[in-house]
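Input: a single structure, listed below in structure tokens.
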Amino acid sequence: MSETTLKATAAASGASATERFLTDKAAAPGQGADSKRVDTLVTELITAVHDIIRRHQVTYEEYNALKSWLISIGEDGEWPLFLDVWIEHVVEEVVTATRKGSKGTIEGPYYVPGAPTLAAAGTLPMRDDEAGTLLLFRGQVTGVTGEPLAGALLEMWQADDDGLYAQFAPGIPEWNLRGSIVTDGEGRFAVTTIQPAPYQIPTDGSCGRLIAAAGWHAWRPAHLHFKISAPGHEPLTTQLYFMGGAHIEDDVADAVKPELILDPRPNGSGNEVTYDFVLDPAS
Ligand code: MBD
Ligand code: FE
């Protein structure tokens, strides 16, 4: 295991993920909220908790354990991790239910906008001695009627061979294994990268403590992340996985779908696989 792996802590990656979210996504508290909607959703959430307490005869010891844990998850910066692992997949399912194009899945906590732009046939930024099997990932971006989308933006990010993400684990170059690819005149792209390792949720933070306390496991299968966008189309956020890979059947984040599993084949220098993305028209 490398030096960087040893120094990656839950608190460090949690702080980065929290800051990232607050910078890119968070609306000002209460802004844009319809009070009737807040009333309905929060009342139902609280009522569901009350029901669980009654059904399971929750003790003061358990109530205080929950309180401590909720306090610590904020202190560790792990709210983005917790929500994206255990909640986001249902939001994604509801929001994309009527799409006709490619399946999406959750974004997770580690997207960073503005990754360096590569040509349609390019290599993700990586270290000279980047570990891992080379992967040539190619395909085409089209609309739902099959029309090629030239100049579509394919943003891609992934973990390295230690399962670590640049900008969230220490000691990795800023844009390592993160890139923005613009499709060619036929909507095609061909990206050279390495196959990522499975991702383990940090075991030394609040999410890790919850997993240990419940007797769960902390793993996501190896995956590549994408955001694909083109004018006049719904942006697609998705991930692709590797057939037969560890935890493909029991992703802690429940974000694997059968349509998202790649089956790369050896091509002499590493592996190669083709995958096409189909974008819905803008709604
Ligand atoms: C990840 O890499 C990820 O993709 C998700 C969804 C949650 C935690 C880490
Ligand atoms: Fe990920």
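Chain identifiers are assigned as A, B, and so on, following the order in which chains appear in the structure tokens; residues are numbered from 1 within each chain, and ligands are numbered from 1 in order of appearance.
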* **Environment of ligand 1 within 9 Å, counting only C-alpha atoms and all ligand atoms, reported as a ChimeraX atom specification** => /A:80-86,88-89,105-111,158-159,163-165,198-201,219-220,222-225,239,252-255
* To do: as a list in words, please: all residues of stretch 25-136 of chain A that backbone DSSP puts in strand (DSSP E).
  =>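 Answer for stretch 25-136 of chain A restricted to strand (DSSP E) is Thr117, Leu118, Ala121, Gly122, Thr123, Leu134, Leu135 and Leu136 of chain A.
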* Pick from A:Phe168, A:Trp216, A:Tyr275, A:Phe189 nearest to ligand 2, counting only C-alpha atoms and all ligand atoms -> A:Phe168
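Taking atom CA of A:Thr145 as the reference point, atom CA of A:Arg99 is found at 13.3 Å.
The residue that comes closest to ligand 2, out of A:Glu272, A:Asp250, A:Glu155, A:Asp160 and on the basis of only C-alpha atoms and all ligand atoms, is A:Asp160.
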* To do: Calculate how many Å separate atom CA of A:Val91 from atom CA of A:Leu240, rounding to one decimal.
  =>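 Answer for the atom CA of A:Val91 to atom CA of A:Leu240 separation: 18.7 Å.
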* When you draw a straight line from atom CA of A:Asp162 to atom CA of A:Gly14, how long is it in Å? ->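 These two atoms are separated by 17.7 Å.
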Please identify which residues in stretch 92-260 of chain A DSSP calls helix (DSSP H, G or I) from the backbone, and express them as an mmCIF file with N, CA and C atoms, in the first residue's frame.
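Okay, this is what ended up in out33.cif:
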```cif
data_model
loop_
_atom_site.group_PDB
_atom_site.id
_atom_site.type_symbol
_atom_site.label_atom_id
_atom_site.label_comp_id
_atom_site.auth_asym_id
_atom_site.auth_seq_id
_atom_site.Cartn_x
_atom_site.Cartn_y
_atom_site.Cartn_z
ATOM 1 N N GLU A 92 -32.076 9.803 -7.307
ATOM 2 C CA GLU A 92 -31.723 9.623 -8.719
ATOM 3 C C GLU A 92 -32.792 8.802 -9.433
ATOM 4 N N GLU A 93 -33.261 7.748 -8.779
ATOM 5 C CA GLU A 93 -34.300 6.884 -9.368
ATOM 6 C C GLU A 93 -35.582 7.675 -9.649
ATOM 7 N N VAL A 94 -35.986 8.490 -8.693
ATOM 8 C CA VAL A 94 -37.231 9.253 -8.829
ATOM 9 C C VAL A 94 -37.088 10.330 -9.918
ATOM 10 N N VAL A 95 -35.978 11.030 -9.895
ATOM 11 C CA VAL A 95 -35.800 12.171 -10.790
ATOM 12 C C VAL A 95 -35.612 11.747 -12.256
ATOM 13 N N SER A 206 -17.129 8.643 10.827
ATOM 14 C CA SER A 206 -18.469 8.300 11.316
ATOM 15 C C SER A 206 -19.174 7.269 10.446
ATOM 16 N N CYS A 207 -19.006 7.372 9.129
ATOM 17 C CA CYS A 207 -19.644 6.378 8.253
ATOM 18 C C CYS A 207 -19.025 5.010 8.495
ATOM 19 N N GLY A 208 -17.707 4.980 8.656
ATOM 20 C CA GLY A 208 -17.014 3.730 8.943
ATOM 21 C C GLY A 208 -17.461 3.136 10.275
ATOM 22 N N ARG A 209 -17.666 4.000 11.272
ATOM 23 C CA ARG A 209 -18.121 3.499 12.584
ATOM 24 C C ARG A 209 -19.529 2.927 12.498
ATOM 25 N N LEU A 210 -20.378 3.582 11.716
ATOM 26 C CA LEU A 210 -21.737 3.062 11.522
ATOM 27 C C LEU A 210 -21.693 1.679 10.865
ATOM 28 N N ILE A 211 -20.874 1.575 9.814
ATOM 29 C CA ILE A 211 -20.751 0.304 9.083
ATOM 30 C C ILE A 211 -20.270 -0.812 10.022
ATOM 31 N N ALA A 212 -19.254 -0.498 10.827
ATOM 32 C CA ALA A 212 -18.726 -1.502 11.765
ATOM 33 C C ALA A 212 -19.782 -1.862 12.809
ATOM 34 N N ALA A 213 -20.470 -0.850 13.325
ATOM 35 C CA ALA A 213 -21.467 -1.095 14.382
ATOM 36 C C ALA A 213 -22.620 -1.944 13.874
ATOM 37 N N ALA A 214 -22.976 -1.766 12.591
ATOM 38 C CA ALA A 214 -24.106 -2.507 12.024
ATOM 39 C C ALA A 214 -23.680 -3.844 11.423
ATOM 40 N N PRO A 258 -27.828 -3.060 -14.168
ATOM 41 C CA PRO A 258 -27.289 -4.001 -15.161
ATOM 42 C C PRO A 258 -26.791 -3.309 -16.427
ATOM 43 N N GLU A 259 -27.439 -2.220 -16.814
ATOM 44 C CA GLU A 259 -27.041 -1.493 -18.037
ATOM 45 C C GLU A 259 -25.700 -0.793 -17.899
ATOM 46 N N LEU A 260 -25.159 -0.751 -16.687
ATOM 47 C CA LEU A 260 -23.956 0.057 -16.434
ATOM 48 C C LEU A 260 -22.702 -0.800 -16.258
#
```
* A:Val141: which residues within 12 Å, counting only C-alpha atoms, same-chain residues fewer than 4 positions away excluded, as number ranges by chain? -> A: 101-102, 120, 145-154, 181-190, 227-230, 233, 235-236, 274-280
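The shortest atom-to-atom distance to ligand 2, with only C-alpha atoms and all ligand atoms taken into account, belongs to A:Pro196 out of A:Pro196, A:Gly104, A:Gly205, A:Gly132.
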* Counting only C-alpha atoms, figure out which residue out of A:Ala246, A:Leu41, A:Ala10, A:Val144 gets nearest to A:Ala197. =>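 Among the listed residues, A:Ala246 lies closest to A:Ala197.
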* Asked: Near A:Glu75, counting only C-alpha atoms, which residues have an atom at most 10 Å away, once you skip same-chain residues fewer than 2 positions from it, shown as a PyMOL selection string?
  -> chain A and resi 11+14-15+69-73+77-79+205-206
Suppose we keep N, CA, C and O atoms; can you now write the selection as a PDB file, in the first residue's frame?
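File part39.pdb, as written:
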```pdb
ATOM      1  N   ALA A  11     -11.455  12.375   7.989  1.00  0.00           N
ATOM      2  CA  ALA A  11     -11.670  13.796   8.277  1.00  0.00           C
ATOM      3  C   ALA A  11     -11.161  14.677   7.141  1.00  0.00           C
ATOM      4  O   ALA A  11     -11.804  15.656   6.770  1.00  0.00           O
ATOM      5  N   GLY A  14     -13.450  14.081   4.110  1.00  0.00           N
ATOM      6  CA  GLY A  14     -14.767  14.625   4.476  1.00  0.00           C
ATOM      7  C   GLY A  14     -14.792  16.133   4.416  1.00  0.00           C
ATOM      8  O   GLY A  14     -15.734  16.741   3.886  1.00  0.00           O
ATOM      9  N   ALA A  15     -13.727  16.767   4.916  1.00  0.00           N
ATOM     10  CA  ALA A  15     -13.670  18.235   4.888  1.00  0.00           C
ATOM     11  C   ALA A  15     -13.660  18.729   3.448  1.00  0.00           C
ATOM     12  O   ALA A  15     -14.346  19.699   3.104  1.00  0.00           O
ATOM     13  N   TRP A  69     -23.647  10.294  17.264  1.00  0.00           N
ATOM     14  CA  TRP A  69     -23.238   9.956  15.899  1.00  0.00           C
ATOM     15  C   TRP A  69     -23.589  11.095  14.940  1.00  0.00           C
ATOM     16  O   TRP A  69     -22.783  11.455  14.079  1.00  0.00           O
ATOM     17  N   LEU A  70     -24.761  11.678  15.094  1.00  0.00           N
ATOM     18  CA  LEU A  70     -25.157  12.790  14.219  1.00  0.00           C
ATOM     19  C   LEU A  70     -24.221  13.992  14.401  1.00  0.00           C
ATOM     20  O   LEU A  70     -23.874  14.669  13.441  1.00  0.00           O
ATOM     21  N   ILE A  71     -23.804  14.223  15.645  1.00  0.00           N
ATOM     22  CA  ILE A  71     -22.849  15.310  15.897  1.00  0.00           C
ATOM     23  C   ILE A  71     -21.517  14.993  15.209  1.00  0.00           C
ATOM     24  O   ILE A  71     -20.936  15.829  14.521  1.00  0.00           O
ATOM     25  N   SER A  72     -21.052  13.742  15.344  1.00  0.00           N
ATOM     26  CA  SER A  72     -19.723  13.407  14.803  1.00  0.00           C
ATOM     27  C   SER A  72     -19.696  13.370  13.278  1.00  0.00           C
ATOM     28  O   SER A  72     -18.673  13.689  12.666  1.00  0.00           O
ATOM     29  N   ILE A  73     -20.796  13.027  12.662  1.00  0.00           N
ATOM     30  CA  ILE A  73     -20.766  12.977  11.197  1.00  0.00           C
ATOM     31  C   ILE A  73     -20.548  14.383  10.631  1.00  0.00           C
ATOM     32  O   ILE A  73     -19.832  14.562   9.651  1.00  0.00           O
ATOM     33  N   GLY A  77     -17.072  15.925   8.635  1.00  0.00           N
ATOM     34  CA  GLY A  77     -17.341  16.379   7.260  1.00  0.00           C
ATOM     35  C   GLY A  77     -17.962  15.289   6.404  1.00  0.00           C
ATOM     36  O   GLY A  77     -17.914  15.345   5.177  1.00  0.00           O
ATOM     37  N   GLU A  78     -18.559  14.281   7.032  1.00  0.00           N
ATOM     38  CA  GLU A  78     -19.037  13.135   6.247  1.00  0.00           C
ATOM     39  C   GLU A  78     -20.517  13.180   5.865  1.00  0.00           C
ATOM     40  O   GLU A  78     -21.054  12.173   5.381  1.00  0.00           O
ATOM     41  N   TRP A  79     -21.162  14.341   6.024  1.00  0.00           N
ATOM     42  CA  TRP A  79     -22.553  14.400   5.535  1.00  0.00           C
ATOM     43  C   TRP A  79     -22.651  14.121   4.038  1.00  0.00           C
ATOM     44  O   TRP A  79     -23.521  13.352   3.612  1.00  0.00           O
ATOM     45  N   GLY A 205     -13.861   7.154  10.140  1.00  0.00           N
ATOM     46  CA  GLY A 205     -14.794   8.254  10.383  1.00  0.00           C
ATOM     47  C   GLY A 205     -16.155   7.734  10.811  1.00  0.00           C
ATOM     48  O   GLY A 205     -16.323   6.543  11.098  1.00  0.00           O
ATOM     49  N   SER A 206     -17.129   8.643  10.827  1.00  0.00           N
ATOM     50  CA  SER A 206     -18.469   8.300  11.316  1.00  0.00           C
ATOM     51  C   SER A 206     -19.174   7.269  10.446  1.00  0.00           C
ATOM     52  O   SER A 206     -19.886   6.407  10.966  1.00  0.00           O
TER      53      SER A 206
END
```
